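Since the structure comes first, as structure tokens, the remarks are kept for the end.
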Amino acid sequence: MKKLAINSPRGTADIYGEDIKYRDFINSAARDIFKIFNFNELITPAFEYTEVFSRSIGEETDIVQKEMYTFSDRKGRSLTLRPEGTAAVVRAFVEKKMFGPGNLPVKLFYIGNMFRYERPQKGRMREFWQLGVEALGSDNPVLDAEIIWMLNLVFKRLGFKNLTLLVNSIGCLKCRGSFILELKKYLENEKAGLCGDCTKRLKNNPLRIFDCKVPGCREIAQKGPGISEYLCGSCKTHFKDTTDTLSYLSVDFKISDSLVRGFDYYTKTVFEIISNDLESAQNALGGGGRYDNLIGQFGGPDMPAIGFAVGIDRTIMLMKDLGIDYEEDTKNIKVYLVAIDDVSKGYMLEILKLLRDSGIVCDINYTARSIKAEIKKAEKLDFNIIAFIGEDEAKNDSVTIKDLKSFKQYTISKNEIVEKIFEIAGRI
Ligand code: HAM
């Protein structure tokens, strides 16, 4: 029979080895911060009814127009692999009626894979991973500042130093209306320089020209009128209170009048964390904003909300490029049990059980090799300790362990081995 030669689909990745360590580090750093800010985890399905995304993200956006993985199930229902997390969280919030009095804002976080049919390139994939937060049920600008502060903290905790945090307000639906009229007027005169998609956007949704993938279109839009001049009194105050609180919390940020973000659901505060070490079309590591009308659109009460999402794959890529290492959990120590001869195999299993019962990560040599080869293998596979077991050890109820960091070797009795390993790991 002909052998199968199948690659993973374009724009997807198999994640293993070192990348898993980066992901564990990022996810656990983020989880710790989310919990400190009193957020709880929510897991939503990887696919939803198509409308969940098409109606909330916006019919004119690139995501809905070109990038959704949409299919019919066997009963002909239209489903879509989630291109982002916010709409699904709002759907769950409304469906499960999480908005009871007394528990607002509801603070949720998620970690999951997202799917967008984009042209794959460095930092842009068709299946990618996001971690994100959504706080639903408050329009207090302190919440805006807390969310932005939290995004900033995640990257600080990961060891990034030179990132820029951009913030802006795109106003409420009322004040955005007058801005869009002015923007349209300006863009009508610049029509010749716009791509085909943006010529259509000019008519239906000119804000989307700010996040067109064609750099020339973005440049044209950025040279036009700035939204800040069109904010109504209440949006202006909300933005000022947000930025004042950020300054009070010593969070560095830059106001960017041209930041509008690529989803229709946004209102008021929007923000993005970018790196100058990435190409401008994919330079955002994370971003988010307020979406004060979305819960109502989903049939829930009229309630404001705000959140952000971080691209995990892009963050790992940049950490590697910048030489930022992941931190391993120092409490985790890995022990490699090596049986030197066949006689001691039974005794080795006894030790293996003892260590695993004590919560120590350990593995065994399945094929006997020279001691030198075993040490090499242990180092390659990131073990911290080798425990040798031979005829002598089996006879004396002992184990010979070698700390692969200090290269010190000890022969200890069976009932002291767990304590000794904990001591080397710094747990006691
Ligand atoms: P977004 O800006 O579309 O926002 O995505 C957030 C992050 O996901 C981006 O900054 C980027 O790092 C990463 N990302 C997006 N697309 C790709 C891709 N094709 N390949 C690799 N990484 C990618 C949202 O998704 C909003 N739901 C954020 C939000 C939450 N707003 C309010 N709450």
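Simple scheme: letters A, B, ... for chains in structure tokens order, numbers from 1 for residues in each chain, numbers from 1 for ligands in the order shown.
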
Point to revise | Secondary structure check, helix (DSSP H, G or I) residues of region 27-235 of chain A, as a ChimeraX atom specification | key: /A:27-36,50-57,62-67,86-95,141-158,173-189,191-193,196-204,206-211,215-222,227-230,233-235

Practice item. All residues within 7 Å of ligand 1 are required, counting only C-alpha atoms and all ligand atoms; please report them as a ChimeraX atom specification. Key: /A:84-86,116,118,123-130,132-134,261-262,284-290,306-314

Requested write-out: N, CA, C and O atoms of the selected residues, as a CSV table (one decimal), in the first residue's frame:
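That gives us part-v3.csv:
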chain,number,residue,atom,x,y,z
A,84,GLU,N,-12.2,34.5,17.1
A,84,GLU,CA,-11.8,35.3,18.3
A,84,GLU,C,-12.7,34.9,19.5
A,84,GLU,O,-13.7,34.2,19.3
A,85,GLY,N,-12.4,35.4,20.7
A,85,GLY,CA,-13.1,34.9,21.9
A,85,GLY,C,-14.2,35.8,22.4
A,85,GLY,O,-15.2,35.3,23.0
A,86,THR,N,-14.2,37.1,22.1
A,86,THR,CA,-15.2,38.0,22.8
A,86,THR,C,-16.6,37.7,22.5
A,86,THR,O,-17.4,37.6,23.4
A,116,ARG,N,-8.5,31.8,11.7
A,116,ARG,CA,-8.8,32.8,10.7
A,116,ARG,C,-8.1,32.4,9.4
A,116,ARG,O,-6.9,32.1,9.4
A,118,GLU,N,-6.3,33.5,7.0
A,118,GLU,CA,-5.4,34.6,6.6
A,118,GLU,C,-4.3,34.1,5.8
A,118,GLU,O,-4.0,32.9,5.7
A,123,GLY,N,4.3,35.2,12.2
A,123,GLY,CA,3.4,35.9,13.2
A,123,GLY,C,2.0,35.9,12.8
A,123,GLY,O,1.1,36.5,13.5
A,124,ARG,N,1.6,35.3,11.7
A,124,ARG,CA,0.2,35.2,11.3
A,124,ARG,C,-0.1,33.8,10.8
A,124,ARG,O,0.5,33.3,9.9
A,125,MET,N,-1.1,33.2,11.5
A,125,MET,CA,-1.4,31.8,11.3
A,125,MET,C,-2.8,31.6,11.0
A,125,MET,O,-3.6,32.5,11.3
A,126,ARG,N,-3.2,30.5,10.6
A,126,ARG,CA,-4.7,30.2,10.4
A,126,ARG,C,-5.3,29.6,11.6
A,126,ARG,O,-6.4,29.8,11.9
A,127,GLU,N,-4.5,28.8,12.3
A,127,GLU,CA,-4.9,28.4,13.7
A,127,GLU,C,-3.9,29.0,14.6
A,127,GLU,O,-2.7,28.8,14.5
A,128,PHE,N,-4.3,29.8,15.6
A,128,PHE,CA,-3.4,30.4,16.5
A,128,PHE,C,-4.1,30.4,17.9
A,128,PHE,O,-5.3,30.1,18.0
A,129,TRP,N,-3.3,30.8,18.9
A,129,TRP,CA,-3.8,30.7,20.3
A,129,TRP,C,-3.8,32.0,20.9
A,129,TRP,O,-3.0,32.9,20.7
A,130,GLN,N,-4.9,32.3,21.7
A,130,GLN,CA,-5.1,33.5,22.4
A,130,GLN,C,-5.3,33.3,23.8
A,130,GLN,O,-6.0,32.3,24.2
A,132,GLY,N,-7.2,35.7,26.8
A,132,GLY,CA,-7.9,36.9,26.9
A,132,GLY,C,-8.7,37.1,28.1
A,132,GLY,O,-8.9,36.1,28.9
A,133,VAL,N,-9.2,38.3,28.3
A,133,VAL,CA,-10.1,38.6,29.5
A,133,VAL,C,-11.3,39.4,29.0
A,133,VAL,O,-11.1,40.2,28.0
A,134,GLU,N,-12.4,39.3,29.7
A,134,GLU,CA,-13.5,40.1,29.4
A,134,GLU,C,-14.1,40.5,30.8
A,134,GLU,O,-14.3,39.6,31.6
A,261,ARG,N,-8.8,49.7,15.7
A,261,ARG,CA,-9.0,48.2,15.8
A,261,ARG,C,-10.1,47.6,14.9
A,261,ARG,O,-11.0,48.3,14.5
A,262,GLY,N,-9.8,46.4,14.5
A,262,GLY,CA,-10.6,45.8,13.4
A,262,GLY,C,-11.9,45.2,13.6
A,262,GLY,O,-12.4,44.3,12.8
A,284,ALA,N,1.2,43.8,16.5
A,284,ALA,CA,0.5,43.8,17.7
A,284,ALA,C,0.6,42.4,18.4
A,284,ALA,O,0.3,41.4,17.9
A,285,LEU,N,1.0,42.5,19.7
A,285,LEU,CA,1.0,41.2,20.5
A,285,LEU,C,-0.3,41.0,21.2
A,285,LEU,O,-0.7,39.9,21.5
A,286,GLY,N,-1.0,42.1,21.4
A,286,GLY,CA,-2.3,42.0,22.0
A,286,GLY,C,-3.1,43.3,21.9
A,286,GLY,O,-2.5,44.3,21.6
A,287,GLY,N,-4.4,43.2,22.1
A,287,GLY,CA,-5.2,44.4,22.0
A,287,GLY,C,-6.6,44.2,22.4
A,287,GLY,O,-7.0,43.0,22.7
A,288,GLY,N,-7.3,45.2,22.6
A,288,GLY,CA,-8.7,45.1,23.1
A,288,GLY,C,-9.4,46.4,23.1
A,288,GLY,O,-9.0,47.4,22.5
A,289,GLY,N,-10.5,46.4,23.8
A,289,GLY,CA,-11.3,47.6,23.9
A,289,GLY,C,-12.6,47.4,24.6
A,289,GLY,O,-13.0,46.3,24.9
A,290,ARG,N,-13.4,48.5,24.7
A,290,ARG,CA,-14.7,48.5,25.2
A,290,ARG,C,-15.7,48.0,24.1
A,290,ARG,O,-15.5,48.3,22.9
A,306,ILE,N,-15.7,45.4,28.6
A,306,ILE,CA,-14.3,45.7,28.0
A,306,ILE,C,-13.5,44.4,28.2
A,306,ILE,O,-13.7,43.6,29.1
A,307,GLY,N,-12.5,44.3,27.3
A,307,GLY,CA,-11.6,43.1,27.4
A,307,GLY,C,-10.4,43.2,26.5
A,307,GLY,O,-10.3,44.2,25.7
A,308,PHE,N,-9.6,42.2,26.5
A,308,PHE,CA,-8.4,42.2,25.5
A,308,PHE,C,-8.1,40.7,25.2
A,308,PHE,O,-8.5,39.8,25.9
A,309,ALA,N,-7.3,40.6,24.2
A,309,ALA,CA,-6.7,39.2,23.9
A,309,ALA,C,-5.3,39.4,23.5
A,309,ALA,O,-4.9,40.4,22.9
A,310,VAL,N,-4.5,38.4,23.8
A,310,VAL,CA,-3.0,38.3,23.5
A,310,VAL,C,-2.8,37.2,22.6
A,310,VAL,O,-3.3,36.1,22.8
A,311,GLY,N,-2.0,37.4,21.6
A,311,GLY,CA,-1.6,36.3,20.7
A,311,GLY,C,-0.5,35.5,21.2
A,311,GLY,O,0.7,36.0,21.4
A,312,ILE,N,-0.7,34.2,21.6
A,312,ILE,CA,0.3,33.4,22.3
A,312,ILE,C,1.5,33.1,21.3
A,312,ILE,O,2.7,33.2,21.7
A,313,ASP,N,1.1,32.6,20.1
A,313,ASP,CA,2.2,32.2,19.2
A,313,ASP,C,3.1,33.4,18.8
A,313,ASP,O,4.3,33.2,18.7
A,314,ARG,N,2.5,34.5,18.6
A,314,ARG,CA,3.3,35.7,18.2
A,314,ARG,C,4.2,36.1,19.4
A,314,ARG,O,5.3,36.5,19.2

Review point. Excluding same-chain residues fewer than 5 positions from Glu59 (chain A), what lies within 10 Å of it counting only C-alpha atoms, as a list of chain:residue names?
Key: A:Phe53, A:Ser54, A:Val64, A:Gln65, A:Asn204, A:Asn205, A:Phe263, A:Asp264

For those residues, write N, CA and C atoms to a file as a PDB file, in the first residue's frame.
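Writing the result to part-v6.pdb gives the following:
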ATOM      1  N   PHE A  53     -20.565  35.337  15.357  1.00  0.00           N
ATOM      2  CA  PHE A  53     -19.421  36.135  14.927  1.00  0.00           C
ATOM      3  C   PHE A  53     -19.786  37.159  13.853  1.00  0.00           C
ATOM      4  N   SER A  54     -20.581  36.729  12.864  1.00  0.00           N
ATOM      5  CA  SER A  54     -20.809  37.625  11.718  1.00  0.00           C
ATOM      6  C   SER A  54     -21.509  38.903  12.166  1.00  0.00           C
ATOM      7  N   VAL A  64     -14.944  38.715   8.814  1.00  0.00           N
ATOM      8  CA  VAL A  64     -16.227  38.132   8.391  1.00  0.00           C
ATOM      9  C   VAL A  64     -16.269  37.962   6.866  1.00  0.00           C
ATOM     10  N   GLN A  65     -15.710  38.909   6.146  1.00  0.00           N
ATOM     11  CA  GLN A  65     -15.759  38.837   4.679  1.00  0.00           C
ATOM     12  C   GLN A  65     -14.921  37.693   4.111  1.00  0.00           C
ATOM     13  N   ASN A 204     -19.447  51.710   2.881  1.00  0.00           N
ATOM     14  CA  ASN A 204     -20.192  51.009   3.938  1.00  0.00           C
ATOM     15  C   ASN A 204     -19.634  51.169   5.348  1.00  0.00           C
ATOM     16  N   ASN A 205     -18.314  51.236   5.468  1.00  0.00           N
ATOM     17  CA  ASN A 205     -17.724  51.260   6.809  1.00  0.00           C
ATOM     18  C   ASN A 205     -16.292  51.806   6.744  1.00  0.00           C
ATOM     19  N   PHE A 263     -12.619  45.512  14.652  1.00  0.00           N
ATOM     20  CA  PHE A 263     -13.944  44.923  14.884  1.00  0.00           C
ATOM     21  C   PHE A 263     -14.970  46.045  15.019  1.00  0.00           C
ATOM     22  N   ASP A 264     -16.188  45.784  14.534  1.00  0.00           N
ATOM     23  CA  ASP A 264     -17.235  46.813  14.622  1.00  0.00           C
ATOM     24  C   ASP A 264     -17.790  46.983  16.028  1.00  0.00           C
TER      25      ASP A 264
END

Review point. So which residues touch Val214 (chain A) within 9 Å, counting only C-alpha atoms, skipping near sequence neighbours fewer than 6 positions away, as an MDAnalysis selection string?
Key: chainID A and resid 194:195 281

Save the residues we just selected, C-alpha atoms, as a PDB file, in the first residue's frame?
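Saved file out34.pdb follows:
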ATOM      1  CA  LEU A 194      -7.280  53.111  -2.000  1.00  0.00           C
ATOM      2  CA  CYS A 195      -7.381  49.364  -2.759  1.00  0.00           C
ATOM      3  CA  ALA A 281       1.248  44.458   9.620  1.00  0.00           C
TER       4      ALA A 281
END

Practice item. Compile the contact shell of Ala30 (chain A) as a ChimeraX atom specification: residues with an atom at most 12 Å away, counting only C-alpha atoms, same-chain residues fewer than 5 positions apart removed. Key: /A:23-25,35-37,39,41,109-111,130-133,150-158,309-310,312

Exercise for review: Excluding Val52 (chain A) and residues on its chain fewer than 3 positions from it, collect all residues at most 9 Å away from it, counting only C-alpha atoms, and give them as a list in words.
Suggested key: Glu48, Tyr49, Arg55, Ser56, Ile57, Thr80, Ala87, Ala88, Arg91 and Phe298 of chain A

Kindly save the residues from that selection, with N, CA and C atoms included, as an mmCIF file, in the first residue's frame.
data_model
loop_
_atom_site.group_PDB
_atom_site.id
_atom_site.type_symbol
_atom_site.label_atom_id
_atom_site.label_comp_id
_atom_site.auth_asym_id
_atom_site.auth_seq_id
_atom_site.Cartn_x
_atom_site.Cartn_y
_atom_site.Cartn_z
ATOM 1 N N GLU A 48 -19.162 27.987 16.976
ATOM 2 C CA GLU A 48 -20.432 28.597 17.396
ATOM 3 C C GLU A 48 -21.304 28.700 16.151
ATOM 4 N N TYR A 49 -22.579 29.009 16.349
ATOM 5 C CA TYR A 49 -23.401 29.352 15.190
ATOM 6 C C TYR A 49 -22.792 30.584 14.527
ATOM 7 N N ARG A 55 -22.468 38.780 13.094
ATOM 8 C CA ARG A 55 -23.217 39.980 13.489
ATOM 9 C C ARG A 55 -22.455 40.861 14.461
ATOM 10 N N SER A 56 -21.573 40.272 15.266
ATOM 11 C CA SER A 56 -20.891 41.095 16.270
ATOM 12 C C SER A 56 -19.597 41.702 15.743
ATOM 13 N N ILE A 57 -18.829 40.921 15.007
ATOM 14 C CA ILE A 57 -17.533 41.421 14.523
ATOM 15 C C ILE A 57 -17.762 42.466 13.440
ATOM 16 N N THR A 80 -19.270 28.141 12.634
ATOM 17 C CA THR A 80 -17.989 28.788 12.324
ATOM 18 C C THR A 80 -16.990 28.501 13.429
ATOM 19 N N ALA A 87 -16.957 37.475 21.213
ATOM 20 C CA ALA A 87 -18.362 37.235 20.861
ATOM 21 C C ALA A 87 -18.880 35.978 21.571
ATOM 22 N N ALA A 88 -18.020 34.963 21.672
ATOM 23 C CA ALA A 88 -18.447 33.720 22.319
ATOM 24 C C ALA A 88 -18.658 33.934 23.818
ATOM 25 N N ARG A 91 -21.930 35.694 24.184
ATOM 26 C CA ARG A 91 -23.015 34.729 23.955
ATOM 27 C C ARG A 91 -23.257 33.896 25.216
ATOM 28 N N PHE A 298 -26.853 40.930 21.702
ATOM 29 C CA PHE A 298 -27.044 39.486 21.853
ATOM 30 C C PHE A 298 -28.343 39.155 22.596
#

Revision key, fill the gap. Residue with the minimum atom-to-atom distance to Arg201 (chain A), picked from A:Thr61, A:Gly390, A:Asp357, A:Asp363 with only C-alpha atoms counted, is A:Thr61

Hey, could you make a per-residue contact list for region 290-400 of chain A against region 3-19 of chain A with 10 Å as the cut-off, showing the nearest pair of atoms and its distance in Å to one decimal, counting only C-alpha atoms, sorted by chain and number, as CSV?
residue,atom,partner,partner_atom,distance
A:Asp313,CA,A:Asp19,CA,9.0
A:Ile316,CA,A:Asp19,CA,7.5
A:Met317,CA,A:Asp19,CA,9.3
A:Lys320,CA,A:Asp19,CA,9.7
A:Tyr326,CA,A:Glu18,CA,9.1
A:Leu381,CA,A:Gly17,CA,9.9

Would you export the selected residues with N, CA, C and O atoms as a PDB file, in the first residue's frame, please?
ATOM      1  N   ASP A 313       1.115  32.644  20.123  1.00  0.00           N
ATOM      2  CA  ASP A 313       2.150  32.209  19.161  1.00  0.00           C
ATOM      3  C   ASP A 313       3.082  33.364  18.798  1.00  0.00           C
ATOM      4  O   ASP A 313       4.298  33.213  18.726  1.00  0.00           O
ATOM      5  N   ILE A 316       5.424  34.112  21.656  1.00  0.00           N
ATOM      6  CA  ILE A 316       6.540  33.153  21.735  1.00  0.00           C
ATOM      7  C   ILE A 316       7.579  33.484  20.664  1.00  0.00           C
ATOM      8  O   ILE A 316       8.775  33.510  20.924  1.00  0.00           O
ATOM      9  N   MET A 317       7.083  33.776  19.452  1.00  0.00           N
ATOM     10  CA  MET A 317       7.995  34.080  18.345  1.00  0.00           C
ATOM     11  C   MET A 317       8.900  35.251  18.705  1.00  0.00           C
ATOM     12  O   MET A 317      10.109  35.206  18.516  1.00  0.00           O
ATOM     13  N   LYS A 320      11.512  34.477  21.429  1.00  0.00           N
ATOM     14  CA  LYS A 320      12.664  33.756  20.879  1.00  0.00           C
ATOM     15  C   LYS A 320      13.564  34.716  20.106  1.00  0.00           C
ATOM     16  O   LYS A 320      14.777  34.693  20.260  1.00  0.00           O
ATOM     17  N   TYR A 326      12.131  31.394  28.662  1.00  0.00           N
ATOM     18  CA  TYR A 326      11.001  31.039  29.527  1.00  0.00           C
ATOM     19  C   TYR A 326      11.568  30.670  30.888  1.00  0.00           C
ATOM     20  O   TYR A 326      12.736  30.313  31.007  1.00  0.00           O
ATOM     21  N   LEU A 381      17.494  15.533  27.895  1.00  0.00           N
ATOM     22  CA  LEU A 381      16.051  15.546  28.158  1.00  0.00           C
ATOM     23  C   LEU A 381      15.677  16.364  29.392  1.00  0.00           C
ATOM     24  O   LEU A 381      14.577  16.219  29.922  1.00  0.00           O
TER      25      LEU A 381
END

Practice item. For Ile209 (chain A), work out the shell of residues within 9 Å, counting only C-alpha atoms and skipping chain neighbours fewer than 3 positions away, then give it as a PyMOL selection string. Key: chain A and resi 194+197-199+201-202+205-206+212-213+217-218+220-221

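Of the listed residues A:Arg369, A:Val343, A:Lys334, A:Tyr265, the one whose atoms come nearest to Gly58 (chain A) is A:Tyr265, with distances taken using only C-alpha atoms.
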
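Closest approach to Leu181 (chain A) among A:Gly76, A:Gly193, A:Gly233, A:Gly224: A:Gly224, based on only C-alpha atoms.
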
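Of the residues listed (A:Asp325, A:Asp292, A:Asp342, A:Asp277), A:Asp292 shows the shortest atom-to-atom separation from Val90 (chain A); distances use only C-alpha atoms.
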
Check your understanding: What residues in region 30-270 of chain A get the DSSP label strand (DSSP E or B)? Please answer as a PyMOL selection string.
Key -> chain A and resi 40-41+47-49+69-72+78-81+106-115+121+124+127-136+163-169+254-255+267-270

Exercise for review: Could you check how far CA of Ser247 (chain A) sits from CA of Phe179 (chain A), in Å to one decimal?
Suggested key: 27.4 Å

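Nearest residue to Leu294 (chain A) among A:Ser28, A:Ser275, A:Ser258, A:Thr267 is A:Thr267, counting only C-alpha atoms.
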
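Minimum atom-to-atom distances from A:Arg356, A:Lys372, A:Arg31, A:His238 to Gly171 (chain A) were compared using only C-alpha atoms, and the lowest value belongs to A:His238.
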
Study note, to complete from the structure: One decimal place gives the CA of Asp139 (chain A)-CA of Asn113 (chain A) separation as 28.6 Å

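A straight line drawn from CA of Tyr230 (chain A) to CA of Leu136 (chain A) is 26.4 Å long.
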